[in-house]
There are 2 protein chains.
Amino acid sequence: MPDIASLLWPRSVAVVGASSDTHALRGRIFETIRGQPFAGHIYPVSRSATVVQGETAYPSVDALPERPDLAILIVPAAYVVAELERCGRAGVKAAAILSSGFAEAGENGVQLQREITAIAQRYDMAVSGPNSEGFTNIAAALCANFSPASDKSAGPLTPSRPLGGGQVSVISQSGGLGFACFDRARPREFLFRYIVTTGNEATLEVADLVDYMLDEGKTDVFLLLIEAIKTPAKFKRVAEKALKAGKPLIVGKIGQSEPGRRAVMSHTAALAGAATAYSAVFERYGVIEARDFDEVLDLAAGFLACKGKLPVGKRVGICTASGGAGIWMADACAAAGLDVPTLDDATRAELSTHVPPYGTSQNPVDFTAQGVQKLGYAEFARIVARSPSIDSVIVVITARRSAFLEADLPKFKELARTTEKPVLMWSYTLPSERTTEILNDIGFPLFMSAPGCARTLRKLVDYRARREQSETIVDTPTPRATREETAAALAKSPAIICEYRAQTLLAPYGIGGKNAGQIVHSGDEAAAAAKALGGPVALKVQSAEIPHKTEAGAVILNLEGPENVRTGYDSALAAAKGFAPTAQIDGVLVQPMAAAGREVIVGINHDLTWGPLLLVGLGGVLAEALGDVAVAPVPLDQAQARALVRRLKGADIFGRYRGQAPADIEALTWLMVRLSQFAYDHAEEISAIDLNPVIVHDAGDGVTVVDALITKRRGGAAELHDAGSVETKAVLHDSV
Amino acid sequence: MPDIASLLWPRSVAVVGASSDTHALRGRIFETIRGQPFAGHIYPVSRSATVVQGETAYPSVDALPERPDLAILIVPAAYVVAELERCGRAGVKAAAILSSGFAEAGENGVQLQREITAIAQRYDMAVSGPNSEGFTNIAAALCANFSPASDKSAGPLTPSRPLGGGQVSVISQSGGLGFACFDRARPREFLFRYIVTTGNEATLEVADLVDYMLDEGKTDVFLLLIEAIKTPAKFKRVAEKALKAGKPLIVGKIGQSEPGRRAVMSHTAALAGAATAYSAVFERYGVIEARDFDEVLDLAAGFLACKGKLPVGKRVGICTASGGAGIWMADACAAAGLDVPTLDDATRAELSTHVPPYGTSQNPVDFTAQGVQKLGYAEFARIVARSPSIDSVIVVITARRSAFLEADLPKFKELARTTEKPVLMWSYTLPSERTTEILNDIGFPLFMSAPGCARTLRKLVDYRARREQSETIVDTPTPRATREETAAALAKSPAIICEYRAQTLLAPYGIGGKNAGQIVHSGDEAAAAAKALGGPVALKVQSAEIPHKTEAGAVILNLEGPENVRTGYDSALAAAKGFAPTAQIDGVLVQPMAAAGREVIVGINHDLTWGPLLLVGLGGVLAEALGDVAVAPVPLDQAQARALVRRLKGADIFGRYRGQAPADIEALTWLMVRLSQFAYDHAEEISAIDLNPVIVHDAGDGVTVVDALITKRRGGAAELHDAGSVETKAVLHDSV
C-alpha cells in the first residue's frame with residue numbers, strides 16, 4: 001500500500017508545470033500554495049522558465065536540490081506519463097495529478113490512465129487523480145489546488161471558534177464540488193482537516209483516503225461526494241469500519257437521475273449502478289445520504305455538535321418565542337418522521353408558571369416574545385429538555401440580535417454541560433456573527449432551514465439506532481455440498497431458466513416446494529397429474545423461449561375435471577406455439593391452484609456496481625404501477641428482511657388491516673433470507689430471479705411461490721442489464 | 001370597506017403606549033420608526049410620561065395637535081378596546097394593534113377581540129391585528145413594528161441594485177415569520193414594497209391586503225405566510241383576481257402536520273382545515289405552495305427575474321464548467337420533474353468546436369474550467385439557449401470569484417436582451433457581493449441550492465401552464481327544479497343515507513343507475529327480482545344503522561338461481577340482525593353483479609375551511625393502504641377531473657397498462673363532474689359521500705357505482721368531521 005501520508009503531509013512539494021501566469025491554472029496553483037503559511041519547501045518545475053513568480057525554477061523533478069515528498073503534476077496530459085515516471089525514478093513517494101484528458105476523454109485517455117496506474121504500482125507511489133483539483137491539508141496550511149475557495153481573499157482556513165470541537169474531512173471525486181463544500185461551510189465555522197479531490201481515481205479511491213483518515217483518528221465527520229464507486233468491496237469494508245468507529249460517512253451521491261447517470265458515464269467513464277442500489281448499500285452500512293450541499297452541511301453540523309449525545313428516540317420538544325415559527329418547525333419535524341408529542345403534565349405545569357396566557361406549554365412550547373424577554377431562551381430549553389416525553393430539543397431563535405443569547409450564555413453553557421439530550425437551534429432570521437460565535441462556543445449547532453434542522457435530527461436518531469443494531473449478519477450459510485451441487489446445476493442450465501427448472505434449483509435452498517406440481521407431455525398425463533393433485537389446477541407451458549408465459553396465453557388457470565384439463569393442455573400448447581412457433585417446449589407444468597393471500601413479488605437483480613440485490617414489493621398490477629418496492633444487498637438475515645418489508649408503503653396490508661387475519665410475515669421473510677443466500681452463493685452466475693407472484697397466506701399457513709424465473713449472466717458487465725427479467729427491472733426502475 | 005391606504009400610507013402616526021425604555025417592545029417600536037427616514041409626524045402617546053425618547057408625549061390620541069391617520073396600539077390587552085374606541089371617536093381612520101391577549105388567550109380574549117371588530121366596523125376603520133407585529137411600508141420608510149429586521153443596524157431597507165426591477169410584498173399572519181422573510185431576503189437584493197403582519201385578523205385579513213395591493217398595481221410577487229384562512233370565499237376571489245393579473249401568490253402554509261395543526265388551533269384560535277384541502281384549493285387557483293423560507297425566497301427570485309419570460313415547457317439546458325456540479329443539477333432537475341434532454345445535433349456541433357475533449361456537449365454541457373477560461377460563461381449559455389431542444393437554461397457558476405462574470409457582462413446583457421427563454425444561475429460556491437450585483441444588473445436570478453433552483457424553474461413552468469388554461473369552469477349547472485327537488489328530498493332524509501336512498505337522490509344528477517337494482521322485503525320477492533334481472537345478483541341489507549354493510553356480513557355476492565337467492569336473503573338479514581339487533585331495516589337491495597373493470601373510489605368530504613372537496617382514488621384494500629388519492633374543490637369540469645385522475649400515482653392502470661384495453665376515463669370523469677355538482681349544490685347539507693367502489697369498465701362501457709353512502713351534516717362546524725364516512729376519511733387523512 002502506498003504511503004498516503006507522503007501525499008497529504010509532504011515536507012517538500014514540487015509543482016511540475018508551474019507558471020508565472022496567474023490567470024492560467026498552472027500559475028494559480030503555485031500562487032495559491034504560496035498564499036498560505038505552509039512550512040515546507042515549494043519548488044516550481046518548468047521546462048520553459050528559469051524563474052516562476054520570483055522563485056528559481058528547475059527544469060525537472062530530478063534536478064531539484066532535494067527529493068520532494070510530493071509532486072503536483074499540472075502539465076498537458078500527453079506529458080504526464082513521462083513526468084510521473086521521472087518522479088518514480090527520482091524516488092518521489094506521492095503525486096497529485098491535476099491534468100485532464102484521461103479516461104474522461106476517450107480511448108487514448110483511457111490508455112494514458114492505465115499507464116499512470118502501472119507507474120504508481122511499480123514505484124508504490126500514492127497518486128491522486130488524474131483530472132482532480134488537488135487537495136488541502138488544513139493543519140499543514142497546504143492548499144495544493146487552484147480552487148477559488150483556497151484564495152487568501154476567501155478568508156482564513158480555520159474558524160476562530162470551531163463548532164463542536166471535532167474535525168471534518170471532505171473527499172470528493174469532483175474537484176469543483178469538493179472545494180465548494182469547504183467554501184460553503186465557512187459561515188458555519190467547522191474545523192476542517194482535509195479536502196481531497198480524487199478525480200478519475202487511477203489509483204487512490206475515496207475509500208482509500210477514508211481508510212487512512214480512520215486510522216489517523218483525527219477526522220470525526222466525513223463528507224464524501226461520489227459519482228461512481230470504483231471498487232465496491234473496498235468501499236463496503238471501509239464503510240463498515242467507519243460505522244464501527246462511530247465516524248459518520250455523509251455522502252452526496254451525484255448522478256442519481258437518468259440524465260445524471262448519463263452524464264456520470266460520460267464524465268468519469270465509469271459504469272454507474274442504479275441509484276436504488278447505492279441507497280440500499282448505504283442503508284446497510286449506515287452511510288448517510290444527502291441530496292445537496294445544504295443537507296451535507298446541516299448533517300455535518302449535527303454530527304459535529306451532537307456526536308457525544310445522539311438522540312435515543314424520535315420525540316422532539318420545540319421551544320419558541322414566535323408561535324408561527326414554532327409551528328413551521330413542528331411541520332418540518334413531522335415531515336422528517338419525528339414525533340412532536342404534547343409534553344407531560346409535570347413539565348407543562350412548570351412551564352405554565354412562566355408562559356403568558358397567550359402562549360402555550362403543549363409542544364411546540366410558545367413562550368412568546370414577552371416570555372423570552374422575561375426568562376430568556378435557556379431556561380425554557382432547560383425545562384423542556386428535562387421532560388421525559390422527549391429525546392431532543394429544538395430551540396427556535398431569532399439570531400439577528402445576539403443580545404438575548406449573550407445574556408443567556410452562562411445558562412446555556414450549564415444546559416450543554418448537564419443535559420444528555422441533544423439541543424439544536426433554528427433561527428428564522430439571519431444570524432449576526434456574534435450569534436454564531438456564541439452558539440459555537442456553547443456547542444449547539446445553528447440551522448437556517450427548518451426542514452434541514454429536522455431532517456438532520458432524524459438522521460442522528462437513525463444513525464444511533466443503526467449503530468446499536470447487531471453488526472453481524474446472523475448468517476445461515478449454505479452447506480458446501482448444496483452450494484457446489486447447485487453451482488454445477490446452474491452451470492449446465494440454459495441462459496433463461498423457466499419455472500420447473502428454477503424450482504429444482506431453488507428447492508435445496510428451501511425455496512418453493514409448496515405446490516411445485518409436475519411436468520407432463522400429453523393431455524392424458526396432464527389429466528392424471530391433476531387427478532393425483534386433487535382440486536383445480538393450473539397448466540403452464542415450459543420453455544426458455546417463453547419466459548413470460550401469461551402474456552403468451554400459455555398459462556391456463558382453474559381447470560377441474562379430466563376433460564377440461566385435456567382441453568386446457570391442448571389450448572395452452574396451441575397458444576404457446578402461436579406465440580413462438582420455433583420455441584423448444586420442455587413440457588407443461590401441472591400445478592395445484594394456490595390458496596388465497598396477499599400477493600407479493602420477491603426478486604434478485606444484479607446491479608452493475610453492487611452485484612446482487614434483493615427486491616420485495618407488493619404484487620399485482622396496481623402495486624407494480626405504484627412501484628412500491630424495497631431493495632437491499634444480499635445476504636439478509638431475518639431481522640433485515642423484516643425491516644425491508646416494513647419499508648413498503650403498503651406494509652399495513654400484512655397486518656390486521658380491515659379486520660383480516662395477519663399475514664405469515666415470518667414465512668415471507670424466511671423466503672427472502674433463503675433467496676438472498678442463493679443469490680449470494682451464486683452471485684457471478686445470476687442476472688435476475690423473479691418469484692412473481694408469491695402468495696403470503698395467513699399467519700402459520702406459509703407462502704406459495706406461484707411462479708419462478710431465473711436469468712443467467714451471459715457475459716461482461718455491459719450486457720448484464722439486458723439479461724434481467726422485464727418485470728422486475730420495470731419495478732426496480734420505477735423506484736429509482 | 002375601510003381605507004387600507006390610511007393604514008399603510010399615513011401622513012401622521014400616533015404610537016399609543018410608547019415608552020422610553022428601548023428594552024421593552026413599547027420603547028423599541030418608537031425607536032424603530034424614528035430610526036428610518038419616514039417623512040410624516042410621529043406622536044408618542046403615553047399615560048405616564050410627558051416626554052418619550054426626547055419627544056413631547058401626549059396623554060391620549062384626542063389630545064394630539066392633529067388627527068393622526070394611523071394609531072399604533074401597544075398597550076396591555078385590557079386597555080385596547082377603550083383606546084381603539086377613543087381613536088374611532090377622534091376620527092382616526094386606521095389602527096395597527098400589536099398587543100397580545102385576544103382570541104389566542106382564552107374566552108375573555110375572544111370577547112375583547114369581538115369588541116375590536118365591532119369598533120372597527122362602527123367607525124369604518126382599517127384595523128390590523130391584534131396580536132400582530134405591525135408592518136413596514138418600504139417606499140415610505142415607515143417601519144411600524146419592533147422587528148429586529150427593521151433595525152437600522154440590519155442594513156438599508158432597499159438594495160442598491162434590485163433583482164428583476166419588480167417589487168415584492170409580504171403579508172403574514174405570524175409577525176416573526178413575516179419580518180424574517182424580509183430579513184432573510186436581504187442578501188438576495190429584492191425590492192420590497194410592504195411587509196404586513198395581520199395577527200389574529202379581527203378585521204383585516206391577508207386577502208384584504210392582497211386585494212388592496214392588486215388594485216394599487218405596484219406589487220409583482222406576493223409572499224403570504226398563512227396559518228388558517230378566516231374567510232375562504234374572500235381568499236378564493238382574491239386568488240382568482242391575482243391569477244388573472246399574473247401576480248403570483250407564493251404561500252407558506254404553516255401548520256400542515258398534525259402537531260402543526262394542533263398548535264395552529266391553540267395559537268390563532270382558528271379551526272384549521274386539512275392540509276390536503278388547502279393544497280387542493282391552492283392548486284385550483286394557481287397559488288404556489290412553498291415549504292420553508294428558502295423555497296419562498298427562491299420562488300420570489302424566480303418570478304421577479306423571469307416574469308416576462310416564463311418557460312413554455314419542462315425542457316432545461318444546463319451549462320457548467322464543473323462536471324460534478326452539472327450532474328448534481330441534472331439530478332435536481334429530474335427530481336423536480338423537469339427534462340434534461342440531450343441537445344440537438346446542430347447545437348452540439350456548434351458547442352463541440354469550443355468544448356475540450358474531456359468535456360461534453362450532450363446536456364449538461366460541461367465546457368470545463370479550461371472552456372470557461374477561453375470563451376466565458378455567456379457564450380456557452382447563448383449557444384445552449386438557442387437550441388430548439390430546450391425551454392430554459394440553468395448556468396452553473398462558481399460565484400466566489402466575480403472576474404469571469406465581470407468579463408462576460410456585456411455578453412450576458414446581450415443574452416438577457418435577446419433570448420425569450422429564462423436563464424437561471426446556480427452557484428456551488430458562496431457569491432461575492434460583486435457577483436450578486438452583476439447578476440442582478442443583468443437580471444438573472446442566483447440560486448444557492450440546486451434543488452431550490454430546479455424546483456423554482458418547475459413552478460415557473462406550472463404557473464405559466466395554469467394561466468394558459470381556460471379560466472372559466474365549463475359548468476353544467478343543475479336545472480333549478482332538480483336542485484330544489486333534491487334539496488327537499490335531502491332535507492327529509494335521515495342523517496345516514498344508505499345505498500338505495502342515495503341512489504334515488506343521486507340519479508337526477510346522472511349518477512349511478514347502471515345497476516341500481518330493486519328493493520325487496522322477502523326471499524320470494526328477492527328471487528323474483530333476481531329472475532327479472534337475469535344473471536348472478538348481489539343482496540345488500542339496507543339500514544341507516546348499518547352503513548358499512550360488508551363488515552356486518554349483510555352483503556352476499558354472486559347468487560344465482562331462486563333457491564340460492566332465497567337462502568341468501570335469509571342469511572344476509574340474519575347477519576344484519578346479529579350485527580345490529582335493534583337496527584331498523586328498510587329492506588334488501590337486489591342488484592346485478594357488476595362487470596369487471598378497474599376499481600376506484602370517488603367521494604366528497606366537507607372540509608372545515610374549504611367546504612366540499614371531491615376525492616378520487618384507486619380502489620381496493622391495497623390502494624387504500626397506499627393512500628393514492630387526489631383531491632379538488634367542487635365543482636370540477638371534465639378537464640379538471642381528467643387532470644385530477646392523472647395526478648394519481650397509479651394512473652397508469654387506466655391506460656393500456658400490460659396490454660389491457662384502456663379504461664373508460666370519460667365515464668369516470670363525467671361521474672366526478674356530476675358528483676362535484678351535486679356536492680356544490682348541496683354543500684350545506686352534505687358531510688360526506690362515498691361511491692365505493694366504482695368499477696371503471698373498458699373504454700365505451702361506462703362505469704358502475706357498486707355502492708353509495710351519503711352522510712349529512714348534523715350541526716355546527718365542530719361536529720362535521722365526526723359525521724364523515726370512516727373509509728373516505730381514512731384515505732383522506734392518510735394522504736395528508
# chains A, B, ... in the order shown; residues from 1 in each chain; ligands from 1
call {"tool": "residues_around", "arguments": {"residues": "segment 436-452 of chain B", "least_positions_apart": "5", "cutoff": "7 Å", "atoms": "only C-alpha atoms", "output": "JSON, numbers by chain"}}
result
{"B": [161, 162, 163, 164, 295, 298, 301, 302, 305, 329, 332, 412, 413, 416, 423, 424, 425, 426, 427, 428, 431]}
call {"tool": "write_last_selection", "arguments": {"atoms": "C-alpha atoms", "output": "PDB file, in the first residue's frame"}}
result
ATOM      1  CA  ARG B 161     -29.286  47.009  -7.391  1.00  0.00           C
ATOM      2  CA  PRO B 162     -32.653  45.257  -7.028  1.00  0.00           C
ATOM      3  CA  LEU B 163     -33.306  41.983  -8.794  1.00  0.00           C
ATOM      4  CA  GLY B 164     -35.662  41.983 -11.739  1.00  0.00           C
ATOM      5  CA  GLU B 295     -38.332  27.883  -1.082  1.00  0.00           C
ATOM      6  CA  ASP B 298     -36.179  31.045  -4.319  1.00  0.00           C
ATOM      7  CA  ALA B 301     -36.353  35.359  -7.097  1.00  0.00           C
ATOM      8  CA  GLY B 302     -37.554  33.201  -9.985  1.00  0.00           C
ATOM      9  CA  ALA B 305     -36.477  37.807 -12.602  1.00  0.00           C
ATOM     10  CA  MET B 329     -28.012  19.994 -11.066  1.00  0.00           C
ATOM     11  CA  ALA B 332     -32.111  18.167  -9.049  1.00  0.00           C
ATOM     12  CA  PHE B 412     -24.664  38.380 -20.628  1.00  0.00           C
ATOM     13  CA  LYS B 413     -26.597  41.620 -21.054  1.00  0.00           C
ATOM     14  CA  ALA B 416     -30.720  38.739 -21.410  1.00  0.00           C
ATOM     15  CA  VAL B 423     -31.890  31.928 -17.696  1.00  0.00           C
ATOM     16  CA  LEU B 424     -31.275  30.902 -14.071  1.00  0.00           C
ATOM     17  CA  MET B 425     -27.931  30.705 -12.273  1.00  0.00           C
ATOM     18  CA  TRP B 426     -26.783  28.267  -9.624  1.00  0.00           C
ATOM     19  CA  SER B 427     -23.518  28.766  -7.798  1.00  0.00           C
ATOM     20  CA  TYR B 428     -21.783  25.936  -5.988  1.00  0.00           C
ATOM     21  CA  PRO B 431     -21.143  34.500  -4.036  1.00  0.00           C
TER      22      PRO B 431
END
call {"tool": "closest_atom_pairs", "arguments": {"of": "chain A", "to": "chain B", "cutoff": "7 Å", "atoms": "only C-alpha atoms", "output": "tab-separated table"}}
result
residue	atom	partner	partner_atom	distance
A:Ser100	CA	B:Tyr358	CA	6.7
A:Gly101	CA	B:Tyr358	CA	5.4
A:Glu104	CA	B:Tyr358	CA	5.5
A:Ala105	CA	B:Tyr358	CA	4.3
A:Pro148	CA	B:Arg401	CA	6.7
A:Ser174	CA	B:Gly324	CA	5.3
A:Gly176	CA	B:Ser322	CA	5.7
A:Leu177	CA	B:Ala325	CA	6.2
A:Ala180	CA	B:Thr429	CA	5.0
A:Asp183	CA	B:Thr429	CA	6.0
A:Arg184	CA	B:Leu430	CA	5.8
A:Ile254	CA	B:Trp328	CA	5.3
A:Gly255	CA	B:Ile327	CA	5.8
A:Gln256	CA	B:Asp331	CA	5.9
A:Ser257	CA	B:Asp331	CA	5.0
A:Pro259	CA	B:Ala330	CA	6.1
A:Gly260	CA	B:Ile327	CA	5.0
A:Ala263	CA	B:Ile327	CA	6.3
A:Val264	CA	B:Ile327	CA	7.0
A:His267	CA	B:Gly323	CA	6.6
A:Ser322	CA	B:Gly176	CA	5.7
A:Gly323	CA	B:His267	CA	6.6
A:Gly324	CA	B:Ser174	CA	5.3
A:Ala325	CA	B:Leu177	CA	6.2
A:Ile327	CA	B:Gly260	CA	5.0
A:Trp328	CA	B:Ile254	CA	5.3
A:Ala330	CA	B:Gly260	CA	5.4
A:Asp331	CA	B:Ser257	CA	5.0
A:Ala334	CA	B:Ser257	CA	6.1
A:Val340	CA	B:Pro259	CA	6.2
A:Pro357	CA	B:Ala105	CA	5.4
A:Tyr358	CA	B:Ala105	CA	4.2
A:Arg400	CA	B:Pro148	CA	6.7
A:Arg401	CA	B:Pro148	CA	6.7
A:Tyr428	CA	B:Ala180	CA	5.8
A:Thr429	CA	B:Ala180	CA	5.0
A:Leu430	CA	B:Arg184	CA	5.8
A:Leu622	CA	B:Gly650	CA	6.6
A:Ala625	CA	B:Gly650	CA	5.4
A:Leu626	CA	B:Gly650	CA	5.0
A:Lys649	CA	B:Leu626	CA	6.0
A:Gly650	CA	B:Leu626	CA	5.0
A:Asp652	CA	B:Ala625	CA	6.5
A:Ile653	CA	B:Leu622	CA	6.6
call {"tool": "closest_residue", "arguments": {"among": "A:Leu573, A:Leu8, A:Val127, A:Ile250", "to": "Ile288 of chain A", "atoms": "only C-alpha atoms"}}
result
A:Ile250
call {"tool": "closest_residue", "arguments": {"among": "B:Gly88, B:Pro612, B:Gly129, B:Gly17", "to": "Glu201 of chain B", "atoms": "only C-alpha atoms"}}
result
B:Gly129
call {"tool": "closest_residue", "arguments": {"among": "B:Gly523, B:Gly702, B:Gly513, B:Pro68", "to": "Arg566 of chain B", "atoms": "only C-alpha atoms"}}
result
B:Gly523
call {"tool": "atom_distance", "arguments": {"atom1": "atom CA of Thr276 of chain B", "atom2": "atom CA of Ile496 of chain B"}}
result
24.9 Å
call {"tool": "closest_residue", "arguments": {"among": "A:Pro232, A:Gly517, A:Gly35, A:Gly165", "to": "Lys152 of chain A", "atoms": "only C-alpha atoms"}}
result
A:Gly35
call {"tool": "closest_residue", "arguments": {"among": "A:Gly617, A:Gly166, A:Gly535, A:Gly611", "to": "Met593 of chain A", "atoms": "only C-alpha atoms"}}
result
A:Gly535
call {"tool": "select_by_dssp", "arguments": {"residues": "segment 98-340 of chain B", "states": "strand (DSSP E or B)", "output": "number ranges by chain"}}
result
B: 126-128, 135-137, 142-144, 167-172, 191-197, 221-226, 249-253, 288-290, 315-320, 339
call {"tool": "select_by_dssp", "arguments": {"residues": "segment 111-158 of chain B", "states": "alpha helix (DSSP H)", "output": "VMD selection string"}}
result
chain B and resid 111 to 123
call {"tool": "residues_around", "arguments": {"residues": "segment 661-667 of chain B", "least_positions_apart": "5", "cutoff": "9 Å", "atoms": "only C-alpha atoms", "output": "ChimeraX atom specification"}}
result
/B:597-598,638,642,645,653-656,672,696-703
call {"tool": "atom_distance", "arguments": {"atom1": "atom CA of Ile72 of chain B", "atom2": "atom CA of Arg47 of chain B"}}
result
14.7 Å
